[in-house]
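Next comes run-v2.txt, a file with compact mmCIF, C-alpha atoms.
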# COMPACT_ATOMS: atom_id res chain seq x y z
CA MET W 15 -11.48 44.81 -43.70
CA LYS W 16 -11.47 41.94 -46.17
CA LEU W 17 -8.12 40.81 -44.80
CA PHE W 18 -9.53 40.81 -41.27
CA ALA W 19 -12.55 38.77 -42.38
CA LYS W 20 -10.29 36.22 -44.05
CA ARG W 21 -8.23 35.82 -40.86
CA VAL W 22 -11.38 35.34 -38.78
CA PHE W 23 -12.64 32.74 -41.22
CA SER W 24 -9.28 30.92 -41.20
CA LEU W 25 -9.14 30.83 -37.40
CA THR W 26 -12.73 29.59 -37.20
CA LEU W 27 -12.02 26.84 -39.72
CA ALA W 28 -8.86 25.76 -37.89
CA PHE W 29 -10.65 25.65 -34.52
CA THR W 30 -13.53 23.64 -36.00
CA THR W 31 -11.12 21.14 -37.57
CA VAL W 32 -9.16 20.63 -34.33
CA ALA W 33 -12.38 20.25 -32.33
CA PHE W 34 -13.65 17.67 -34.80
CA LEU W 35 -10.43 15.64 -34.64
CA VAL W 36 -10.36 15.70 -30.84
CA CYS W 37 -14.00 14.67 -30.56
CA SER W 38 -13.50 11.94 -33.17
CA GLN W 39 -10.51 10.58 -31.27
CA MET W 40 -12.37 10.51 -27.95
CA PHE W 41 -15.35 8.85 -29.61
CA SER W 42 -13.15 6.15 -31.12
CA LEU W 43 -11.53 5.52 -27.73
CA ARG W 44 -14.88 5.23 -25.99
CA ALA W 45 -16.26 3.04 -28.76
CA GLU W 46 -13.27 0.71 -28.54
CA ALA W 47 -13.61 0.52 -24.77
CA LYS W 48 -17.16 -0.85 -25.09
CA ASP W 49 -15.62 -4.25 -25.83
CA ASP W 50 -13.82 -4.19 -22.48
CA PRO W 51 -15.96 -5.15 -19.45
CA TYR W 52 -13.86 -3.07 -17.07
CA THR W 53 -14.52 0.15 -18.95
CA ALA W 54 -17.91 -0.70 -20.42
CA LEU W 55 -19.37 -1.51 -17.01
CA SER W 56 -17.55 1.14 -14.98
CA LYS W 57 -20.35 3.50 -16.00
CA GLY W 58 -23.02 0.84 -16.51
CA THR W 59 -26.57 1.67 -15.51
CA THR W 60 -27.80 0.97 -11.99
CA VAL W 61 -31.37 2.04 -12.81
CA TYR W 62 -34.23 -0.35 -13.55
CA ASN W 63 -37.85 0.73 -14.05
CA GLY W 64 -37.04 4.19 -12.72
CA VAL W 65 -35.44 2.95 -9.48
CA ASP W 66 -31.73 3.56 -8.87
CA TYR W 67 -30.05 0.66 -7.02
CA LYS W 68 -26.59 2.23 -6.89
CA ASN W 69 -26.31 1.80 -3.10
CA GLU W 70 -26.60 -1.98 -3.38
CA TYR W 71 -25.67 -2.82 -6.92
CA ASN W 72 -22.45 -2.41 -8.96
CA PRO W 73 -22.64 -3.72 -12.55
CA LEU W 74 -18.91 -4.50 -12.79
CA PHE W 75 -18.91 -6.43 -9.50
CA TYR W 76 -22.01 -8.38 -10.53
CA TYR W 77 -20.40 -9.22 -13.85
CA LEU W 78 -17.11 -10.37 -12.31
CA ASN W 79 -18.73 -12.38 -9.51
CA TYR W 80 -20.74 -14.78 -11.67
CA GLU W 81 -19.49 -16.76 -14.64
CA ASP W 82 -23.00 -17.85 -15.66
CA LEU W 83 -24.02 -14.20 -16.08
CA ARG W 84 -20.94 -13.43 -18.16
CA GLU W 85 -21.77 -16.31 -20.47
CA ALA W 86 -25.47 -15.42 -20.67
CA PHE W 87 -25.36 -11.63 -21.00
CA GLY W 88 -21.76 -10.64 -21.66
CA ALA W 89 -21.07 -7.03 -20.68
CA ASP W 90 -24.63 -5.82 -21.37
CA PRO W 91 -25.42 -3.52 -18.40
CA ASN W 92 -29.15 -3.47 -19.14
CA LYS W 93 -29.44 -7.26 -19.02
CA LEU W 94 -27.31 -7.45 -15.87
CA ILE W 95 -29.39 -4.95 -13.87
CA GLU W 96 -32.58 -6.61 -15.06
CA HIS W 97 -31.37 -10.02 -13.91
CA TRP W 98 -30.29 -8.71 -10.53
CA VAL W 99 -33.60 -6.96 -9.81
CA LEU W 100 -35.78 -9.83 -11.01
CA PHE W 101 -33.72 -12.82 -9.89
CA GLY W 102 -30.37 -11.95 -8.32
CA LYS W 103 -31.73 -10.31 -5.19
CA LYS W 104 -34.05 -13.27 -4.49
CA GLU W 105 -31.16 -15.67 -5.05
CA LYS W 106 -29.07 -13.60 -2.61
CA ARG W 107 -26.41 -12.95 -5.20
CA VAL W 108 -23.74 -10.42 -4.23
CA ALA W 109 -23.63 -7.25 -6.31
CA ASN W 110 -22.16 -4.60 -4.00
CA LYS W 111 -18.67 -6.07 -3.60
CA LEU W 112 -16.31 -8.54 -5.22
CA VAL W 113 -16.82 -12.07 -3.95
CA GLY W 114 -13.67 -13.73 -2.70
CA ASP W 115 -11.48 -10.65 -2.35
CA ASN W 116 -9.91 -12.32 0.68
CA THR W 117 -9.54 -15.81 -0.78
CA GLU W 118 -6.24 -17.39 -1.71
CA TYR W 119 -4.76 -19.25 -4.66
CA VAL W 120 -3.03 -22.56 -3.89
CA VAL W 121 -0.58 -23.41 -6.66
CA PRO W 122 2.44 -25.70 -7.17
CA THR W 123 5.90 -24.25 -6.70
CA GLY W 124 7.43 -26.45 -9.37
CA ASP W 125 8.91 -28.77 -6.75
CA LYS W 126 6.91 -31.07 -4.45
CA SER W 127 5.37 -28.32 -2.38
CA VAL W 128 2.65 -25.75 -2.94
CA THR W 129 2.47 -22.06 -2.22
CA ILE W 130 -0.44 -19.87 -1.19
CA ILE W 131 -0.84 -16.57 -2.99
CA LYS W 132 -3.30 -14.13 -1.46
CA LYS W 133 -5.83 -12.82 -3.93
CA THR W 134 -5.91 -9.05 -3.79
CA LYS W 135 -7.83 -6.33 -5.53
CA HIS W 136 -5.78 -4.17 -7.86
CA ASP W 137 -5.99 -0.41 -8.10
CA ASN W 138 -5.11 1.68 -11.14
CA GLY W 139 -2.75 4.10 -9.44
CA GLY W 140 -5.12 7.04 -9.75
CA MET W 141 -5.87 7.10 -13.48
CA THR W 142 -8.90 9.04 -14.66
CA TYR W 143 -11.58 7.26 -16.67
CA GLU W 144 -10.24 8.65 -19.95
CA GLN W 145 -6.65 7.74 -19.04
CA GLU W 146 -7.64 4.18 -18.22
CA ILE W 147 -9.47 3.81 -21.54
CA MET W 148 -6.33 4.85 -23.43
CA ALA W 149 -3.98 2.72 -21.31
CA ARG W 150 -6.19 -0.35 -21.61
CA SER W 151 -6.46 0.15 -25.36
CA ILE W 152 -2.67 -0.11 -25.71
CA ALA W 153 -2.42 -2.99 -23.22
CA LYS W 154 -5.05 -4.95 -25.12
CA GLN W 155 -3.29 -4.41 -28.45
CA ILE W 156 -0.03 -5.70 -26.97
CA ALA W 157 -1.73 -8.73 -25.40
CA ASP W 158 -3.60 -9.55 -28.61
CA ALA W 159 -0.36 -9.38 -30.59
CA ILE W 160 1.37 -11.68 -28.10
CA ASN W 161 -1.51 -14.17 -28.14
CA ASN W 162 -1.69 -14.08 -31.93
CA ALA W 163 2.05 -14.52 -32.45
CA GLY W 164 1.97 -18.30 -32.26
CA THR W 165 -1.44 -18.66 -33.91
CA ALA W 166 -0.42 -16.69 -36.97
CA SER W 167 2.70 -18.78 -37.44
CA SER W 168 0.99 -22.14 -37.05
CA SER W 169 -1.97 -21.30 -39.31
CA SER W 170 0.12 -19.95 -42.18
CA SER W 171 0.05 -22.21 -45.20
CA SER W 172 3.71 -21.54 -45.87
CA SER W 173 4.91 -22.15 -42.32
CA SER W 174 7.53 -24.81 -41.82
CA SER W 175 7.55 -27.54 -39.19
CA LYS W 176 10.13 -25.47 -37.35
CA SER W 177 7.73 -22.50 -37.16
CA SER W 178 4.94 -24.74 -35.88
CA SER W 179 7.10 -26.21 -33.15
CA LYS W 180 8.24 -22.71 -32.24
CA ALA W 181 4.62 -21.55 -31.87
CA LYS W 182 3.62 -24.54 -29.75
CA SER W 183 6.58 -24.06 -27.45
CA ILE W 184 5.50 -20.61 -26.24
CA LYS W 185 4.73 -20.82 -22.53
CA ASP W 186 2.84 -18.42 -20.31
CA VAL W 187 6.01 -17.48 -18.45
CA GLU W 188 7.54 -16.51 -21.80
CA LYS W 189 4.51 -14.38 -22.63
CA VAL W 190 5.00 -12.56 -19.32
CA ALA W 191 8.69 -12.05 -20.06
CA TYR W 192 7.95 -10.68 -23.51
CA ALA W 193 5.26 -8.37 -22.13
CA ALA W 194 7.74 -7.19 -19.49
CA GLY W 195 10.22 -6.34 -22.23
CA VAL W 196 7.63 -4.35 -24.18
CA VAL W 197 6.70 -2.37 -21.07
CA LYS W 198 10.39 -1.68 -20.40
CA ALA W 199 10.72 -0.36 -23.94
CA TYR W 200 7.93 2.13 -23.25
CA CYS W 201 9.62 3.10 -19.99
CA ASP W 202 12.92 3.71 -21.76
CA LEU W 203 11.17 6.25 -23.98
CA GLY W 204 10.03 8.17 -20.92
CA THR W 205 11.47 9.65 -17.75
CA TYR W 206 11.81 7.94 -14.39
CA THR W 207 10.24 10.01 -11.62
CA THR W 208 8.42 9.73 -8.32
CA LYS W 209 6.69 13.08 -8.57
CA GLY W 210 3.40 14.08 -10.14
CA LYS W 211 0.11 12.27 -10.72
CA ILE W 212 0.85 9.76 -13.49
CA TYR W 213 4.20 8.15 -12.66
CA ARG W 214 2.43 5.35 -10.76
CA THR W 215 0.04 4.57 -13.61
CA ALA W 216 -0.05 2.56 -16.81
CA TYR W 217 -1.08 5.78 -18.55
CA GLY W 218 2.20 7.35 -17.50
CA VAL W 219 4.12 4.43 -19.01
CA PHE W 220 2.20 4.05 -22.27
CA ILE W 221 1.28 7.65 -23.02
CA GLY W 222 2.46 10.21 -20.48
CA GLY W 223 6.19 9.53 -20.78
CA GLU W 224 6.67 9.18 -17.02
CA TYR W 225 7.20 5.97 -15.07
CA SER W 226 8.34 4.27 -11.87
CA CYS W 227 8.40 0.63 -10.78
CA ALA W 228 4.80 1.14 -9.62
CA GLY W 229 3.68 2.39 -13.01
CA ALA W 230 5.62 -0.32 -14.84
CA THR W 231 3.98 -2.97 -12.64
CA ARG W 232 0.50 -1.65 -13.35
CA ALA W 233 1.23 -1.41 -17.08
CA LEU W 234 2.44 -5.01 -17.14
CA GLY W 235 -0.57 -5.99 -15.04
CA LEU W 236 -2.99 -4.55 -17.60
CA ILE W 237 -1.38 -6.66 -20.32
CA LEU W 238 -1.60 -9.73 -18.07
CA ASP W 239 -5.31 -9.01 -17.57
CA TYR W 240 -5.83 -9.36 -21.31
CA LEU W 241 -3.55 -12.39 -21.51
CA GLY W 242 -5.75 -14.06 -18.89
CA ILE W 243 -2.85 -14.46 -16.45
CA THR W 244 -3.55 -14.12 -12.73
CA TRP W 245 -1.34 -11.57 -11.01
CA VAL W 246 -0.84 -9.82 -7.69
CA HIS W 247 0.82 -6.42 -7.25
CA VAL W 248 3.75 -7.02 -4.90
CA ASN W 249 4.61 -4.18 -2.48
CA ILE W 250 1.73 -2.09 -3.81
CA ASN W 251 1.75 1.54 -2.64
CA THR W 252 5.09 1.22 -0.86
CA TRP W 253 8.57 2.55 -1.58
CA ALA W 254 9.93 -0.98 -2.03
CA ASP W 255 10.54 -2.57 -5.44
CA GLN W 256 7.23 -3.43 -7.07
CA TYR W 257 6.50 -6.19 -9.57
CA CYS W 258 3.89 -8.81 -10.47
CA ARG W 259 3.51 -12.14 -8.71
CA VAL W 260 1.85 -14.42 -11.23
CA ILE W 261 0.46 -17.89 -11.74
CA VAL W 262 1.93 -19.23 -14.98
CA ASP W 263 1.82 -22.73 -16.41
CA GLY W 264 0.20 -23.88 -13.15
CA LYS W 265 3.03 -22.61 -10.99
CA GLU W 266 3.90 -19.61 -8.88
CA GLY W 267 6.06 -17.10 -10.69
CA TYR W 268 6.85 -13.44 -11.18
CA GLY W 269 7.07 -10.79 -13.87
CA ASP W 270 9.13 -7.62 -13.57
CA ALA W 271 9.13 -4.99 -16.29
CA MET W 272 12.01 -3.10 -14.73
CA ILE W 273 14.37 -6.02 -15.35
CA GLU W 274 12.56 -7.27 -18.49
CA SER W 275 12.11 -10.77 -17.16
CA ALA W 276 9.82 -13.37 -15.64
CA GLY W 277 10.32 -16.74 -14.03
CA TYR W 278 8.95 -19.60 -11.99
CA GLY W 279 9.18 -19.52 -8.23
CA LYS W 280 10.25 -16.51 -6.21
CA HIS W 281 11.49 -13.20 -7.55
CA PRO W 282 15.24 -12.68 -6.97
CA ASN W 283 14.27 -10.05 -4.39
CA GLU W 284 12.48 -12.81 -2.48
CA GLY W 285 15.34 -15.28 -2.64
CA GLY W 286 14.82 -16.71 -6.12
CA LYS W 287 17.70 -17.38 -8.51
CA ALA W 288 18.32 -14.59 -11.00
CA SER W 289 20.09 -17.09 -13.24
CA ASP W 290 16.80 -18.99 -13.71
CA ALA W 291 14.97 -15.96 -15.06
CA VAL W 292 13.33 -15.99 -18.49
CA THR W 293 14.48 -12.72 -20.02
CA TYR W 294 12.98 -10.76 -22.88
CA ALA W 295 16.28 -10.96 -24.74
CA LYS W 296 16.26 -14.77 -24.59
CA ILE W 297 12.73 -15.36 -25.87
CA ARG W 298 11.97 -12.46 -28.19
CA TYR W 299 12.81 -14.64 -31.23
CA LYS W 300 9.68 -16.70 -30.51
CA PHE W 301 7.38 -13.75 -31.05
CA ASP W 302 6.67 -12.10 -34.35
CA VAL W 303 5.10 -9.09 -32.66
CA ALA W 304 5.25 -5.51 -33.91
CA THR W 305 4.36 -2.78 -31.43
CA GLN W 306 4.14 0.93 -31.97
CA ARG W 307 4.23 3.78 -29.52
Would you mind giving the structure from this file in structure tokens?
Amino acid sequence: MKLFAKRVFSLTLAFTTVAFLVCSQMFSLRAEAKDDPYTALSKGTTVYNGVDYKNEYNPLFYYLNYEDLREAFGADPNKLIEHWVLFGKKEKRVANKLVGDNTEYVVPTGDKSVTIIKKTKHDNGGMTYEQEIMARSIAKQIADAINNAGTASSSSSSSSSKSSSKAKSIKDVEKVAYAAGVVKAYCDLGTYTTKGKIYRTAYGVFIGGEYSCAGATRALGLILDYLGITWVHVNINTWADQYCRVIVDGKEGYGDAMIESAGYGKHPNEGGKASDAVTYAKIRYKFDVATQR
């Protein structure tokens, strides 16, 4: 009987410990996501003074549509709904959709002409809320490390003039190429597939161990979001090769995690020169970035 009681106690203790660790992990993920407007506002309040405005107001859309509100209130959902009810509606501000979803970017090609890139709305490939939190957490860490690579080198008291010049020479297109290489490294640890629910997602790439060109594109795109680089998902939701069309260093360009490269102008699939690509292998020496799976 005593032996039975001890086993029950041991099982109870083990279950309690596991439950505590799981809950702690989920709490830390949610807490970390509060710094990210996409996740913090995805469940932001739509209620003000007891009235729910969910049919005409979306906190994330309101946040993204107006720079003055981002500067004034940040990602505070309570301040945003208050402003919209008291002022935004009277000012005819748009809060139920993204403004300019159908607008276009006009950027140089690098020659004497310009190109027009249609601005499109990205999807996440079907990730759940929890999956997106975890994927964005990893993407943000990678982007922060890339952005800090040059800063850390140039601010070090022991850095040489060579290190400083190296840091200053890092271009946006090289950041995209490095990010593409990191995403490819995650893909190489997983399995290529076109079956299931996560192969098209950044979660599949970073955590689930499953990927496709669609998932690799979305994973790279999340990093680009945190790098502040404009991107469009080429061939989204099709069976054609998918990659990111980007605007880097004021020019049209591309980033492709599947070939670990980026470049100015058109992707080789669109007629660009593969020989002009900036590859991960060529520029990795510029980045002192450590990433962990």
- prompt: Neighbours of Leu241 of chain W within 8 Å (all atoms listed in the file; same-chain residues fewer than 3 positions away dropped), as a VMD selection string?
  reply: chain W and resid 157 to 158 161 237 to 238
Please return, as a short mmCIF file (atom, residue, chain, number, x, y, z; two decimals) with C-alpha atoms, keeping the file's coordinate frame, all polymer residues that have at least one atom within 9 Å of the point (6.1, -9.7, -22.8); use all atoms listed in the file and the file's own coordinate frame.
data_model
loop_
_atom_site.label_atom_id
_atom_site.label_comp_id
_atom_site.auth_asym_id
_atom_site.auth_seq_id
_atom_site.Cartn_x
_atom_site.Cartn_y
_atom_site.Cartn_z
CA ILE W 156 -0.03 -5.70 -26.97
CA ALA W 157 -1.73 -8.73 -25.40
CA ILE W 160 1.37 -11.68 -28.10
CA VAL W 187 6.01 -17.48 -18.45
CA GLU W 188 7.54 -16.51 -21.80
CA LYS W 189 4.51 -14.38 -22.63
CA VAL W 190 5.00 -12.56 -19.32
CA ALA W 191 8.69 -12.05 -20.06
CA TYR W 192 7.95 -10.68 -23.51
CA ALA W 193 5.26 -8.37 -22.13
CA ALA W 194 7.74 -7.19 -19.49
CA GLY W 195 10.22 -6.34 -22.23
CA VAL W 196 7.63 -4.35 -24.18
CA VAL W 197 6.70 -2.37 -21.07
CA LEU W 234 2.44 -5.01 -17.14
CA ILE W 237 -1.38 -6.66 -20.32
CA ALA W 271 9.13 -4.99 -16.29
CA GLU W 274 12.56 -7.27 -18.49
CA SER W 275 12.11 -10.77 -17.16
CA ALA W 276 9.82 -13.37 -15.64
CA TYR W 294 12.98 -10.76 -22.88
CA ARG W 298 11.97 -12.46 -28.19
#
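Minimum atom-to-atom distances from W:Gln145, W:Thr244, W:Asn249, W:Ser56 to Gly222 of chain W were compared using only C-alpha atoms, and the lowest value belongs to W:Gln145.
In this comparison, which uses all atoms listed in the file, the residue of W:Val113, W:Ala254, W:Arg214, W:Phe220 approaching Gln155 of chain W most closely is W:Phe220.
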Could you name the residues that touch His136 of chain W at 10 Å or less, counting only C-alpha atoms, but leaving out those on the same chain fewer than 3 positions away, as a tab-separated table (two decimals) with C-alpha atoms, in the frame of the given file?
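File around_12.tsv, as written:
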chain	number	residue	atom	x	y	z
W	133	LYS	CA	-5.83	-12.82	-3.93
W	139	GLY	CA	-2.75	4.10	-9.44
W	232	ARG	CA	0.50	-1.65	-13.35
W	235	GLY	CA	-0.57	-5.99	-15.04
W	245	TRP	CA	-1.34	-11.57	-11.01
W	246	VAL	CA	-0.84	-9.82	-7.69
W	247	HIS	CA	0.82	-6.42	-7.25
W	250	ILE	CA	1.73	-2.09	-3.81
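Across the model, the gap from atom CA of Ile95 of chain W to atom CA of Leu78 of chain W is 13.5 Å.
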- prompt: Can you tell me how far atom CA of Tyr67 of chain W sits from atom CA of Phe101 of chain W, in Å to one decimal?
  reply: 14.3 Å
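Using all atoms listed in the file, the nearest neighbour of Ala291 of chain W within the list W:Asp82, W:Glu105, W:Glu70, W:Asp270 is W:Asp270.
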- prompt: Looking at W:Gly64, W:Gly102, W:Gly229, W:Pro91, which one is nearest to Ala149 of chain W, with distances taken over only C-alpha atoms?
  reply: W:Gly229
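From atom CA of Ile147 of chain W back to atom CA of Gly269 of chain W, the distance works out to 23.4 Å.
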query: Residues at most 10 Å from Asp263 of chain W, counting all atoms listed in the file, excluding those fewer than 3 positions away in the same chain, as a PyMOL selection string?
result: chain W and resi 122+124+185-187+243+260+266-267+278
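Proximity to Val248 of chain W was assessed for W:Ala199, W:Gly285, W:Ile131, W:Val262 counting only C-alpha atoms; the smallest distance is recorded for W:Ile131.
With distances restricted to all atoms listed in the file, W:Gly277 is the closest residue to Ser289 of chain W from W:Gly277, W:Ala159, W:Ser151, W:Arg84.
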